[in-house]
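Colleague: Handing over upload_1.pdb, PDB, C-alpha atoms.
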ATOM      1  CA  MET A   1       6.529 -22.031  -8.006  1.00  0.00           C
ATOM      2  CA  GLY A   2       8.185 -18.620  -7.960  1.00  0.00           C
ATOM      3  CA  GLU A   3      10.311 -17.172  -5.207  1.00  0.00           C
ATOM      4  CA  ALA A   4       7.159 -16.169  -3.259  1.00  0.00           C
ATOM      5  CA  ILE A   5       8.239 -12.499  -3.160  1.00  0.00           C
ATOM      6  CA  GLU A   6      10.200 -10.818  -5.943  1.00  0.00           C
ATOM      7  CA  MET A   7      11.444  -7.230  -6.151  1.00  0.00           C
ATOM      8  CA  THR A   8      12.649  -5.574  -9.345  1.00  0.00           C
ATOM      9  CA  ARG A   9      13.419  -2.026 -10.439  1.00  0.00           C
ATOM     10  CA  LYS A  10      11.145  -1.250 -13.367  1.00  0.00           C
ATOM     11  CA  GLU A  11      11.553   2.504 -13.730  1.00  0.00           C
ATOM     12  CA  PRO A  12      13.953   5.108 -12.334  1.00  0.00           C
ATOM     13  CA  GLY A  13      13.015   5.528  -8.696  1.00  0.00           C
ATOM     14  CA  VAL A  14      10.331   2.788  -8.748  1.00  0.00           C
ATOM     15  CA  ALA A  15      10.411  -0.649  -7.106  1.00  0.00           C
ATOM     16  CA  LEU A  16       7.991  -3.403  -8.129  1.00  0.00           C
ATOM     17  CA  ILE A  17       7.188  -6.068  -5.527  1.00  0.00           C
ATOM     18  CA  ARG A  18       5.358  -9.096  -6.878  1.00  0.00           C
ATOM     19  CA  ILE A  19       3.782 -11.762  -4.665  1.00  0.00           C
ATOM     20  CA  ASP A  20       4.363 -15.043  -6.516  1.00  0.00           C
ATOM     21  CA  ASN A  21       3.223 -17.948  -4.384  1.00  0.00           C
ATOM     22  CA  PRO A  22       0.584 -19.794  -6.442  1.00  0.00           C
ATOM     23  CA  PRO A  23      -2.169 -20.648  -6.399  1.00  0.00           C
ATOM     24  CA  THR A  24      -3.403 -18.034  -3.893  1.00  0.00           C
ATOM     25  CA  ASN A  25      -0.271 -15.962  -3.183  1.00  0.00           C
ATOM     26  CA  ALA A  26      -0.521 -16.749   0.515  1.00  0.00           C
ATOM     27  CA  LEU A  27       2.019 -15.157   2.842  1.00  0.00           C
ATOM     28  CA  GLY A  28       3.310 -17.676   5.324  1.00  0.00           C
ATOM     29  CA  ALA A  29       6.055 -16.833   7.789  1.00  0.00           C
ATOM     30  CA  ALA A  30       8.993 -17.077   5.354  1.00  0.00           C
ATOM     31  CA  PRO A  31       7.637 -14.925   2.488  1.00  0.00           C
ATOM     32  CA  ARG A  32       6.210 -12.484   5.024  1.00  0.00           C
ATOM     33  CA  ALA A  33       9.656 -12.028   6.572  1.00  0.00           C
ATOM     34  CA  ARG A  34      11.135 -11.609   3.093  1.00  0.00           C
ATOM     35  CA  LEU A  35       8.604  -8.893   2.276  1.00  0.00           C
ATOM     36  CA  HIS A  36       9.358  -7.108   5.528  1.00  0.00           C
ATOM     37  CA  ALA A  37      13.083  -7.193   4.709  1.00  0.00           C
ATOM     38  CA  MET A  38      12.397  -5.747   1.244  1.00  0.00           C
ATOM     39  CA  LEU A  39      10.480  -2.872   2.782  1.00  0.00           C
ATOM     40  CA  ASP A  40      13.368  -2.174   5.154  1.00  0.00           C
ATOM     41  CA  GLU A  41      15.726  -2.146   2.163  1.00  0.00           C
ATOM     42  CA  ILE A  42      13.480   0.307   0.319  1.00  0.00           C
ATOM     43  CA  ASP A  43      13.356   2.629   3.310  1.00  0.00           C
ATOM     44  CA  ARG A  44      17.158   2.756   3.390  1.00  0.00           C
ATOM     45  CA  ASP A  45      17.581   3.218  -0.361  1.00  0.00           C
ATOM     46  CA  LEU A  46      16.853   6.888  -1.011  1.00  0.00           C
ATOM     47  CA  SER A  47      16.908   6.303  -4.774  1.00  0.00           C
ATOM     48  CA  VAL A  48      13.543   4.533  -4.419  1.00  0.00           C
ATOM     49  CA  ARG A  49      10.703   7.042  -4.477  1.00  0.00           C
ATOM     50  CA  ALA A  50       7.616   4.871  -5.047  1.00  0.00           C
ATOM     51  CA  VAL A  51       6.615   1.214  -4.778  1.00  0.00           C
ATOM     52  CA  VAL A  52       4.095  -0.970  -6.605  1.00  0.00           C
ATOM     53  CA  VAL A  53       2.863  -4.173  -4.935  1.00  0.00           C
ATOM     54  CA  THR A  54       0.964  -6.744  -7.002  1.00  0.00           C
ATOM     55  CA  GLY A  55       0.366 -10.467  -7.316  1.00  0.00           C
ATOM     56  CA  THR A  56       0.587 -13.127  -9.987  1.00  0.00           C
ATOM     57  CA  GLY A  57      -2.149 -15.218 -11.538  1.00  0.00           C
ATOM     58  CA  GLU A  58      -5.697 -14.854 -10.248  1.00  0.00           C
ATOM     59  CA  ALA A  59      -4.816 -13.627  -6.757  1.00  0.00           C
ATOM     60  CA  PHE A  60      -3.368 -10.467  -5.307  1.00  0.00           C
ATOM     61  CA  CYS A  61      -2.840 -12.085  -1.917  1.00  0.00           C
ATOM     62  CA  SER A  62      -4.971 -14.425   0.194  1.00  0.00           C
ATOM     63  CA  GLY A  63      -3.318 -13.441   3.475  1.00  0.00           C
ATOM     64  CA  ASP A  64      -1.854 -16.059   5.773  1.00  0.00           C
ATOM     65  CA  ASP A  65      -1.120 -19.607   4.704  1.00  0.00           C
ATOM     66  CA  LEU A  66      -4.071 -21.349   6.377  1.00  0.00           C
ATOM     67  CA  LYS A  67      -2.539 -24.802   5.891  1.00  0.00           C
ATOM     68  CA  ALA A  68       0.491 -23.771   7.915  1.00  0.00           C
ATOM     69  CA  MET A  69      -1.379 -21.988  10.703  1.00  0.00           C
ATOM     70  CA  SER A  70      -1.238 -23.425  14.182  1.00  0.00           C
ATOM     71  CA  GLY A  71      -4.341 -24.441  16.056  1.00  0.00           C
ATOM     72  CA  GLY A  72      -4.452 -21.332  18.235  1.00  0.00           C
ATOM     73  CA  GLY A  73      -3.056 -20.040  21.493  1.00  0.00           C
ATOM     74  CA  ASP A  74       0.139 -18.047  21.894  1.00  0.00           C
ATOM     75  CA  ALA A  75       1.658 -19.245  18.619  1.00  0.00           C
ATOM     76  CA  ALA A  76      -1.378 -18.112  16.652  1.00  0.00           C
ATOM     77  CA  MET A  77      -1.367 -14.736  18.391  1.00  0.00           C
ATOM     78  CA  ASP A  78       2.332 -14.281  17.655  1.00  0.00           C
ATOM     79  CA  ASN A  79       1.648 -15.025  13.999  1.00  0.00           C
ATOM     80  CA  LEU A  80      -1.140 -12.431  13.892  1.00  0.00           C
ATOM     81  CA  GLU A  81       1.077  -9.835  15.530  1.00  0.00           C
ATOM     82  CA  GLN A  82       3.768 -10.453  12.904  1.00  0.00           C
ATOM     83  CA  PHE A  83       1.175  -9.747  10.234  1.00  0.00           C
ATOM     84  CA  ALA A  84       0.091  -6.594  12.044  1.00  0.00           C
ATOM     85  CA  ARG A  85       3.692  -5.351  12.071  1.00  0.00           C
ATOM     86  CA  LEU A  86       3.892  -5.948   8.319  1.00  0.00           C
ATOM     87  CA  PHE A  87       0.778  -3.853   7.693  1.00  0.00           C
ATOM     88  CA  THR A  88       2.160  -1.035   9.814  1.00  0.00           C
ATOM     89  CA  ARG A  89       5.480  -1.286   7.965  1.00  0.00           C
ATOM     90  CA  ILE A  90       3.697  -0.768   4.650  1.00  0.00           C
ATOM     91  CA  GLU A  91       1.600   2.080   6.026  1.00  0.00           C
ATOM     92  CA  THR A  92       4.588   3.933   7.495  1.00  0.00           C
ATOM     93  CA  LEU A  93       7.021   3.292   4.648  1.00  0.00           C
ATOM     94  CA  ARG A  94       9.015   6.365   3.688  1.00  0.00           C
ATOM     95  CA  VAL A  95       7.634   6.366   0.138  1.00  0.00           C
ATOM     96  CA  PRO A  96       4.127   5.887  -1.295  1.00  0.00           C
ATOM     97  CA  VAL A  97       2.934   2.340  -1.963  1.00  0.00           C
ATOM     98  CA  ILE A  98       0.529   1.536  -4.795  1.00  0.00           C
ATOM     99  CA  ALA A  99      -1.380  -1.731  -4.516  1.00  0.00           C
ATOM    100  CA  ALA A 100      -2.149  -3.079  -7.993  1.00  0.00           C
ATOM    101  CA  VAL A 101      -4.889  -5.561  -7.058  1.00  0.00           C
ATOM    102  CA  ASN A 102      -4.802  -8.026  -9.944  1.00  0.00           C
ATOM    103  CA  GLY A 103      -7.174 -10.639  -8.464  1.00  0.00           C
ATOM    104  CA  TYR A 104      -8.802 -11.402  -5.152  1.00  0.00           C
ATOM    105  CA  ALA A 105      -7.467  -9.655  -2.054  1.00  0.00           C
ATOM    106  CA  ALA A 106      -8.636 -11.596   0.978  1.00  0.00           C
ATOM    107  CA  GLY A 107      -7.924 -11.351   4.705  1.00  0.00           C
ATOM    108  CA  GLY A 108      -4.346 -10.234   5.138  1.00  0.00           C
ATOM    109  CA  GLY A 109      -4.220  -9.510   1.403  1.00  0.00           C
ATOM    110  CA  LEU A 110      -7.024  -6.993   1.816  1.00  0.00           C
ATOM    111  CA  GLU A 111      -5.155  -5.482   4.744  1.00  0.00           C
ATOM    112  CA  ILE A 112      -2.012  -5.080   2.603  1.00  0.00           C
ATOM    113  CA  ALA A 113      -4.125  -3.170   0.090  1.00  0.00           C
ATOM    114  CA  LEU A 114      -5.675  -1.049   2.854  1.00  0.00           C
ATOM    115  CA  ALA A 115      -2.242  -0.209   4.292  1.00  0.00           C
ATOM    116  CA  SER A 116      -1.096   0.976   0.859  1.00  0.00           C
ATOM    117  CA  ASP A 117      -1.489   4.609  -0.135  1.00  0.00           C
ATOM    118  CA  ILE A 118      -3.307   4.035  -3.438  1.00  0.00           C
ATOM    119  CA  ARG A 119      -5.276   1.019  -4.672  1.00  0.00           C
ATOM    120  CA  LEU A 120      -5.746   0.278  -8.358  1.00  0.00           C
ATOM    121  CA  ALA A 121      -7.676  -2.815  -9.410  1.00  0.00           C
ATOM    122  CA  ALA A 122      -8.194  -5.098 -12.360  1.00  0.00           C
ATOM    123  CA  ARG A 123     -11.815  -5.287 -13.466  1.00  0.00           C
ATOM    124  CA  GLY A 124     -11.973  -8.904 -12.335  1.00  0.00           C
ATOM    125  CA  ALA A 125     -10.530  -8.249  -8.870  1.00  0.00           C
ATOM    126  CA  SER A 126     -12.470  -8.799  -5.663  1.00  0.00           C
ATOM    127  CA  PHE A 127     -12.020  -7.723  -2.067  1.00  0.00           C
ATOM    128  CA  ILE A 128     -12.873  -9.934   0.919  1.00  0.00           C
ATOM    129  CA  ALA A 129     -12.743  -9.082   4.621  1.00  0.00           C
ATOM    130  CA  ALA A 130     -12.390 -12.776   5.358  1.00  0.00           C
ATOM    131  CA  ALA A 131     -11.429 -12.825   9.047  1.00  0.00           C
ATOM    132  CA  VAL A 132     -14.909 -13.757  10.294  1.00  0.00           C
ATOM    133  CA  ASN A 133     -14.826 -16.767   7.965  1.00  0.00           C
ATOM    134  CA  VAL A 134     -11.984 -18.245  10.019  1.00  0.00           C
ATOM    135  CA  GLY A 135     -13.091 -17.057  13.465  1.00  0.00           C
ATOM    136  CA  LEU A 136     -10.834 -13.995  13.652  1.00  0.00           C
ATOM    137  CA  MET A 137     -11.073 -10.218  13.255  1.00  0.00           C
ATOM    138  CA  ALA A 138      -9.175  -8.006  10.814  1.00  0.00           C
ATOM    139  CA  SER A 139      -9.515  -4.737   8.883  1.00  0.00           C
ATOM    140  CA  ALA A 140     -11.910  -3.344  11.507  1.00  0.00           C
ATOM    141  CA  TRP A 141      -9.785  -0.204  11.912  1.00  0.00           C
ATOM    142  CA  ARG A 142      -8.531   0.612   8.416  1.00  0.00           C
ATOM    143  CA  LEU A 143     -11.588  -0.356   6.373  1.00  0.00           C
ATOM    144  CA  PRO A 144     -14.172   1.908   8.117  1.00  0.00           C
ATOM    145  CA  ARG A 145     -11.778   4.844   7.865  1.00  0.00           C
ATOM    146  CA  LEU A 146     -11.536   4.341   4.127  1.00  0.00           C
ATOM    147  CA  ILE A 147     -15.098   3.525   3.036  1.00  0.00           C
ATOM    148  CA  GLY A 148     -17.285   4.458   6.011  1.00  0.00           C
ATOM    149  CA  LEU A 149     -18.693   2.422   8.866  1.00  0.00           C
ATOM    150  CA  GLY A 150     -21.859   1.122   7.217  1.00  0.00           C
ATOM    151  CA  ARG A 151     -20.188  -0.225   4.090  1.00  0.00           C
ATOM    152  CA  ALA A 152     -17.255  -1.542   6.102  1.00  0.00           C
ATOM    153  CA  ARG A 153     -19.547  -3.487   8.429  1.00  0.00           C
ATOM    154  CA  ALA A 154     -21.297  -5.036   5.435  1.00  0.00           C
ATOM    155  CA  MET A 155     -17.934  -6.496   4.459  1.00  0.00           C
ATOM    156  CA  LEU A 156     -16.541  -7.163   7.930  1.00  0.00           C
ATOM    157  CA  LEU A 157     -19.570  -8.945   9.373  1.00  0.00           C
ATOM    158  CA  THR A 158     -20.367 -11.145   6.370  1.00  0.00           C
ATOM    159  CA  GLY A 159     -16.949 -12.101   5.011  1.00  0.00           C
ATOM    160  CA  ALA A 160     -18.544 -11.844   1.572  1.00  0.00           C
ATOM    161  CA  PRO A 161     -16.603 -10.547  -1.460  1.00  0.00           C
ATOM    162  CA  ILE A 162     -17.278  -7.278  -3.223  1.00  0.00           C
ATOM    163  CA  ASP A 163     -16.375  -6.887  -6.871  1.00  0.00           C
ATOM    164  CA  ALA A 164     -14.035  -4.302  -8.351  1.00  0.00           C
ATOM    165  CA  ARG A 165     -16.841  -2.029  -9.554  1.00  0.00           C
ATOM    166  CA  THR A 166     -18.309  -1.871  -6.062  1.00  0.00           C
ATOM    167  CA  ALA A 167     -14.838  -1.243  -4.648  1.00  0.00           C
ATOM    168  CA  LEU A 168     -14.484   1.706  -7.029  1.00  0.00           C
ATOM    169  CA  ASP A 169     -17.906   3.092  -6.124  1.00  0.00           C
ATOM    170  CA  TRP A 170     -17.118   2.798  -2.404  1.00  0.00           C
ATOM    171  CA  GLY A 171     -13.680   4.417  -2.668  1.00  0.00           C
ATOM    172  CA  LEU A 172     -11.772   1.246  -1.862  1.00  0.00           C
ATOM    173  CA  ALA A 173     -10.183   1.389  -5.323  1.00  0.00           C
ATOM    174  CA  THR A 174      -9.350   4.612  -7.139  1.00  0.00           C
ATOM    175  CA  ALA A 175      -9.353   3.224 -10.698  1.00  0.00           C
ATOM    176  CA  LEU A 176     -10.128   0.035 -12.624  1.00  0.00           C
ATOM    177  CA  TYR A 177      -8.183  -1.327 -15.582  1.00  0.00           C
ATOM    178  CA  GLU A 178      -8.165  -4.350 -17.814  1.00  0.00           C
ATOM    179  CA  ALA A 179      -5.944  -7.066 -16.340  1.00  0.00           C
ATOM    180  CA  ASP A 180      -3.158  -6.597 -18.892  1.00  0.00           C
ATOM    181  CA  ASP A 181      -3.127  -2.841 -18.347  1.00  0.00           C
ATOM    182  CA  LEU A 182      -3.052  -2.887 -14.555  1.00  0.00           C
ATOM    183  CA  ALA A 183       0.688  -3.250 -13.923  1.00  0.00           C
ATOM    184  CA  PRO A 184       1.721  -0.735 -16.630  1.00  0.00           C
ATOM    185  CA  ARG A 185      -0.803   1.783 -15.312  1.00  0.00           C
ATOM    186  CA  ALA A 186       0.412   1.296 -11.748  1.00  0.00           C
ATOM    187  CA  LEU A 187       4.031   1.707 -12.825  1.00  0.00           C
ATOM    188  CA  ASN A 188       3.194   4.866 -14.777  1.00  0.00           C
ATOM    189  CA  LEU A 189       1.519   6.304 -11.685  1.00  0.00           C
ATOM    190  CA  ALA A 190       4.500   5.327  -9.543  1.00  0.00           C
ATOM    191  CA  LEU A 191       6.858   6.980 -12.028  1.00  0.00           C
ATOM    192  CA  ARG A 192       4.802  10.160 -11.897  1.00  0.00           C
ATOM    193  CA  ILE A 193       5.131  10.169  -8.108  1.00  0.00           C
ATOM    194  CA  ALA A 194       8.847   9.360  -8.330  1.00  0.00           C
ATOM    195  CA  THR A 195       9.502  12.449 -10.468  1.00  0.00           C
ATOM    196  CA  ARG A 196       7.978  14.841  -7.922  1.00  0.00           C
ATOM    197  CA  ALA A 197      10.086  16.456  -5.182  1.00  0.00           C
ATOM    198  CA  PRO A 198      10.930  13.551  -2.838  1.00  0.00           C
ATOM    199  CA  LEU A 199      10.909  15.525   0.415  1.00  0.00           C
ATOM    200  CA  SER A 200       7.518  16.923  -0.550  1.00  0.00           C
ATOM    201  CA  ILE A 201       6.111  13.479  -1.410  1.00  0.00           C
ATOM    202  CA  GLU A 202       7.330  11.950   1.850  1.00  0.00           C
ATOM    203  CA  ALA A 203       6.050  14.883   3.918  1.00  0.00           C
ATOM    204  CA  THR A 204       2.680  14.775   2.185  1.00  0.00           C
ATOM    205  CA  LYS A 205       2.350  11.065   2.918  1.00  0.00           C
ATOM    206  CA  ARG A 206       3.157  11.650   6.599  1.00  0.00           C
ATOM    207  CA  MET A 207       0.812  14.601   6.936  1.00  0.00           C
ATOM    208  CA  SER A 208      -2.146  13.018   5.164  1.00  0.00           C
ATOM    209  CA  GLY A 209      -1.727   9.848   7.233  1.00  0.00           C
ATOM    210  CA  ALA A 210      -1.701  11.758  10.500  1.00  0.00           C
ATOM    211  CA  ALA A 211      -4.365  14.325   9.643  1.00  0.00           C
ATOM    212  CA  VAL A 212      -7.414  12.089  10.104  1.00  0.00           C
ATOM    213  CA  ASP A 213      -6.505  11.505  13.765  1.00  0.00           C
ATOM    214  CA  LEU A 214      -5.789  15.143  14.644  1.00  0.00           C
ATOM    215  CA  ASP A 215      -8.082  17.921  15.772  1.00  0.00           C
ATOM    216  CA  PRO A 216      -8.015  21.054  13.587  1.00  0.00           C
ATOM    217  CA  GLN A 217      -5.552  22.920  15.815  1.00  0.00           C
ATOM    218  CA  ALA A 218      -3.078  20.053  16.008  1.00  0.00           C
ATOM    219  CA  ALA A 219      -3.381  19.449  12.264  1.00  0.00           C
ATOM    220  CA  ALA A 220      -2.731  23.110  11.525  1.00  0.00           C
ATOM    221  CA  GLN A 221       0.350  23.103  13.750  1.00  0.00           C
ATOM    222  CA  LEU A 222       1.799  19.946  12.210  1.00  0.00           C
ATOM    223  CA  ASN A 223       1.058  21.256   8.728  1.00  0.00           C
ATOM    224  CA  SER A 224       2.847  24.518   9.529  1.00  0.00           C
ATOM    225  CA  ASP A 225       5.881  22.736  10.974  1.00  0.00           C
ATOM    226  CA  ILE A 226       6.265  20.471   7.941  1.00  0.00           C
ATOM    227  CA  LEU A 227       5.584  23.209   5.410  1.00  0.00           C
ATOM    228  CA  SER A 228       8.138  25.504   7.031  1.00  0.00           C
ATOM    229  CA  GLY A 229      10.899  22.999   6.302  1.00  0.00           C
ATOM    230  CA  LEU A 230       9.768  22.399   2.736  1.00  0.00           C
ATOM    231  CA  ALA A 231       9.535  26.110   1.974  1.00  0.00           C
ATOM    232  CA  ARG A 232      13.178  26.515   2.985  1.00  0.00           C
ATOM    233  CA  SER A 233      14.407  23.512   1.007  1.00  0.00           C
ATOM    234  CA  LEU A 234      16.674  23.705  -2.025  1.00  0.00           C
ATOM    235  CA  ASP A 235      14.322  21.328  -3.810  1.00  0.00           C
ATOM    236  CA  HIS A 236      11.511  23.879  -3.550  1.00  0.00           C
ATOM    237  CA  GLN A 237      13.772  26.530  -5.045  1.00  0.00           C
ATOM    238  CA  GLU A 238      14.840  24.103  -7.759  1.00  0.00           C
ATOM    239  CA  ALA A 239      11.210  23.423  -8.644  1.00  0.00           C
ATOM    240  CA  LEU A 240      10.550  27.140  -9.021  1.00  0.00           C
ATOM    241  CA  ASN A 241      13.697  27.644 -11.107  1.00  0.00           C
ATOM    242  CA  ALA A 242      12.837  24.710 -13.351  1.00  0.00           C
ATOM    243  CA  PHE A 243       9.323  26.082 -13.869  1.00  0.00           C
ATOM    244  CA  ARG A 244      10.660  29.482 -14.898  1.00  0.00           C
ATOM    245  CA  GLU A 245      13.311  27.946 -17.145  1.00  0.00           C
ATOM    246  CA  ARG A 246      10.889  25.426 -18.669  1.00  0.00           C
ATOM    247  CA  ARG A 247      13.029  22.385 -17.874  1.00  0.00           C
ATOM    248  CA  PRO A 248      12.640  19.258 -15.745  1.00  0.00           C
ATOM    249  CA  PRO A 249      13.718  19.831 -12.145  1.00  0.00           C
ATOM    250  CA  VAL A 250      16.664  17.982 -10.648  1.00  0.00           C
ATOM    251  CA  PHE A 251      15.934  17.239  -7.000  1.00  0.00           C
ATOM    252  CA  THR A 252      18.657  16.515  -4.444  1.00  0.00           C
ATOM    253  CA  ARG A 253      16.636  15.831  -1.255  1.00  0.00           C
ATOM    254  CA  SER A 254      17.988  19.029   0.277  1.00  0.00           C
TER     255      SER A 254
END
Mind converting the file's structure to structure tokens?
Modeller:
Amino acid sequence: MGEAIEMTRKEPGVALIRIDNPPTNALGAAPRARLHAMLDEIDRDLSVRAVVVTGTGEAFCSGDDLKAMSGGGDAAMDNLEQFARLFTRIETLRVPVIAAVNGYAAGGGLEIALASDIRLAARGASFIAAAVNVGLMASAWRLPRLIGLGRARAMLLTGAPIDARTALDWGLATALYEADDLAPRALNLALRIATRAPLSIEATKRMSGAAVDLDPQAAAQLNSDILSGLARSLDHQEALNAFRERRPPVFTRS
């Protein structure tokens, strides 16, 4: 068995988090806390500009460790709330998160993918809103926002898997790759993001995340406030200078 959660630096500015808890890559309390700590570390480390999350073997992540779950009551609710905080931590991370879904993403594993900014999938991957299969509820907020209410309910109310091709057609995944190509493709995408202006990337993530909940006037005001700061930044000027001088820009987060 691996270390359950492993983080490595694969490219300049890119962190790779791999869930390695065979056979299903379940996230019990200990690996979940470790993942949360890694995300906190990434938020503090300004050299990290993009993150890839993936799994090992045939699973991306199966969610909670069902064998270790309590029978219910306050302990079960506390466990679910810890998971909810993890999803929010991923969603609000300073930098973009790419979920490279290498196998089945079920329950909390699906929610990790939904909380990520971009989802790439192996052709053999599957996605399962499995909460109703164990008498719970999950993904009922994020999934409809991503793929629409009708399609989301088909997943949420049945607990049945959808394959990677369907996920692509529904907008749950943005691209499909052969299994061996998935991680390299995800890392290449992360590197592309990591070479853009970091203040711009972080602001764009914040704005796009907030925009769907704002009315047009509030969205326009927030957009103006954020854009005003970016337009005055040295990184914006550096990008323009680099374009004119036909050289790669050197950003300083200022």
Colleague: Counting all atoms listed in the file, what is within 8 Å of Lys10 (chain A), bar same-chain residues fewer than 5 positions away, as a PyMOL selection string?
Modeller: chain A and resi 15-16+187
Colleague: Counting all atoms listed in the file, figure out which residue out of A:Arg253, A:Arg142, A:Arg44, A:Arg185 gets nearest to Ala100 (chain A).
Modeller: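 Between A:Arg253, A:Arg142, A:Arg44, A:Arg185, the residue approaching Ala100 (chain A) most closely is A:Arg185.
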Colleague: Kindly resolve the PyMOL selection byres ((chain A and resi 111) around 10) on the present coordinates and return the residues as a ChimeraX atom specification.
Modeller: /A:61,63,83-84,86-88,105-110,112-116,127-129,138-140,142-143
Colleague: If the PyMOL selection byres ((chain A and resi 145-153) around 10) is run on the structure shown, which residues does it catch, given as a PDB file with C-alpha atoms, in the coordinates of the input?
Modeller:
ATOM      1  CA  LEU A 114      -5.675  -1.049   2.854  1.00  0.00           C
ATOM      2  CA  ALA A 129     -12.743  -9.082   4.621  1.00  0.00           C
ATOM      3  CA  SER A 139      -9.515  -4.737   8.883  1.00  0.00           C
ATOM      4  CA  ALA A 140     -11.910  -3.344  11.507  1.00  0.00           C
ATOM      5  CA  TRP A 141      -9.785  -0.204  11.912  1.00  0.00           C
ATOM      6  CA  ARG A 142      -8.531   0.612   8.416  1.00  0.00           C
ATOM      7  CA  LEU A 143     -11.588  -0.356   6.373  1.00  0.00           C
ATOM      8  CA  PRO A 144     -14.172   1.908   8.117  1.00  0.00           C
ATOM      9  CA  ALA A 154     -21.297  -5.036   5.435  1.00  0.00           C
ATOM     10  CA  MET A 155     -17.934  -6.496   4.459  1.00  0.00           C
ATOM     11  CA  LEU A 156     -16.541  -7.163   7.930  1.00  0.00           C
ATOM     12  CA  LEU A 157     -19.570  -8.945   9.373  1.00  0.00           C
ATOM     13  CA  THR A 158     -20.367 -11.145   6.370  1.00  0.00           C
ATOM     14  CA  GLY A 159     -16.949 -12.101   5.011  1.00  0.00           C
ATOM     15  CA  ALA A 167     -14.838  -1.243  -4.648  1.00  0.00           C
ATOM     16  CA  ASP A 169     -17.906   3.092  -6.124  1.00  0.00           C
ATOM     17  CA  TRP A 170     -17.118   2.798  -2.404  1.00  0.00           C
ATOM     18  CA  GLY A 171     -13.680   4.417  -2.668  1.00  0.00           C
ATOM     19  CA  LEU A 172     -11.772   1.246  -1.862  1.00  0.00           C
ATOM     20  CA  ALA A 173     -10.183   1.389  -5.323  1.00  0.00           C
ATOM     21  CA  VAL A 212      -7.414  12.089  10.104  1.00  0.00           C
TER      22      VAL A 212
END
Colleague: Report the distance between CA of Ala175 (chain A) and CA of Asp117 (chain A) in Å, rounded to one decimal place.
Modeller: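 Interatomic distance here is 13.2 Å.
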Colleague: Excluding same-chain residues fewer than 6 positions from Leu66 (chain A), what lies within 10 Å of it counting only C-alpha atoms, as a PDB file with C-alpha atoms, in the frame of the given file?
Modeller:
ATOM      1  CA  ALA A  26      -0.521 -16.749   0.515  1.00  0.00           C
ATOM      2  CA  LEU A  27       2.019 -15.157   2.842  1.00  0.00           C
ATOM      3  CA  GLY A  28       3.310 -17.676   5.324  1.00  0.00           C
ATOM      4  CA  VAL A 134     -11.984 -18.245  10.019  1.00  0.00           C
TER       5      VAL A 134
END
Colleague: Please, which residues are within 12 Å of (12.0, 16.0, -8.3) by the file's coordinates, counting all atoms listed in the file, and could they come as a short mmCIF file (atom, residue, chain, number, x, y, z; two decimals) with C-alpha atoms, in the frame of the given file?
Modeller:
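Result written to result-v3.cif:
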data_model
loop_
_atom_site.label_atom_id
_atom_site.label_comp_id
_atom_site.auth_asym_id
_atom_site.auth_seq_id
_atom_site.Cartn_x
_atom_site.Cartn_y
_atom_site.Cartn_z
CA PRO A 12 13.95 5.11 -12.33
CA GLY A 13 13.02 5.53 -8.70
CA SER A 47 16.91 6.30 -4.77
CA ARG A 49 10.70 7.04 -4.48
CA LEU A 191 6.86 6.98 -12.03
CA ARG A 192 4.80 10.16 -11.90
CA ILE A 193 5.13 10.17 -8.11
CA ALA A 194 8.85 9.36 -8.33
CA THR A 195 9.50 12.45 -10.47
CA ARG A 196 7.98 14.84 -7.92
CA ALA A 197 10.09 16.46 -5.18
CA PRO A 198 10.93 13.55 -2.84
CA LEU A 199 10.91 15.52 0.42
CA SER A 200 7.52 16.92 -0.55
CA ILE A 201 6.11 13.48 -1.41
CA GLU A 202 7.33 11.95 1.85
CA LEU A 234 16.67 23.70 -2.02
CA ASP A 235 14.32 21.33 -3.81
CA HIS A 236 11.51 23.88 -3.55
CA GLN A 237 13.77 26.53 -5.04
CA GLU A 238 14.84 24.10 -7.76
CA ALA A 239 11.21 23.42 -8.64
CA LEU A 240 10.55 27.14 -9.02
CA ALA A 242 12.84 24.71 -13.35
CA PHE A 243 9.32 26.08 -13.87
CA ARG A 247 13.03 22.38 -17.87
CA PRO A 248 12.64 19.26 -15.74
CA PRO A 249 13.72 19.83 -12.14
CA VAL A 250 16.66 17.98 -10.65
CA PHE A 251 15.93 17.24 -7.00
CA THR A 252 18.66 16.52 -4.44
CA ARG A 253 16.64 15.83 -1.25
CA SER A 254 17.99 19.03 0.28
#
Colleague: Please write as an MDAnalysis selection string the list of polymer residues whose atoms come within 6 Å of (7.1, 2.4, -5.2), counting only C-alpha atoms and keeping to the coordinates of the file.
Modeller: chainID A and resid 14:15 49:52 97 190
Colleague: Could you state the separation of CA of Ala4 (chain A) and CA of Leu46 (chain A) in Å, given to one decimal place?
Modeller: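 If I compute the distance from CA of Ala4 (chain A) to CA of Leu46 (chain A), I get 25.1 Å.
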Colleague: Could you state the separation of CA of Gly209 (chain A) and CA of Asn223 (chain A) in Å, given to one decimal place?
Modeller: 11.8 Å
Colleague: So, with all atoms listed in the file as the atoms that count, which of A:Met38, A:Leu176, A:Ile19, A:Ala203 lies closest to Leu230 (chain A)?
Modeller: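 Of A:Met38, A:Leu176, A:Ile19, A:Ala203, the one nearest Leu230 (chain A) is A:Ala203, counting all atoms listed in the file.
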Colleague: Determine the residue set returned by the PyMOL selection byres ((chain A and resi 164) around 8) for the present structure, and present it as a ChimeraX atom specification.
Modeller: /A:121-127,162-163,165-168,173,176
Colleague: Have a look at A:Ile226, A:Met207, A:Val101, A:Ala131 and name the one nearest to Val53 (chain A); count all atoms listed in the file.
Modeller: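 The shortest atom-to-atom distance to Val53 (chain A) comes from A:Val101.
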Colleague: Find the residue from A:Asn241, A:Gly135, A:Ile90, A:Ala179 that sits nearest to Asp40 (chain A); use only C-alpha atoms when measuring.
Modeller: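 Closest to Asp40 (chain A), using only C-alpha atoms: A:Ile90.
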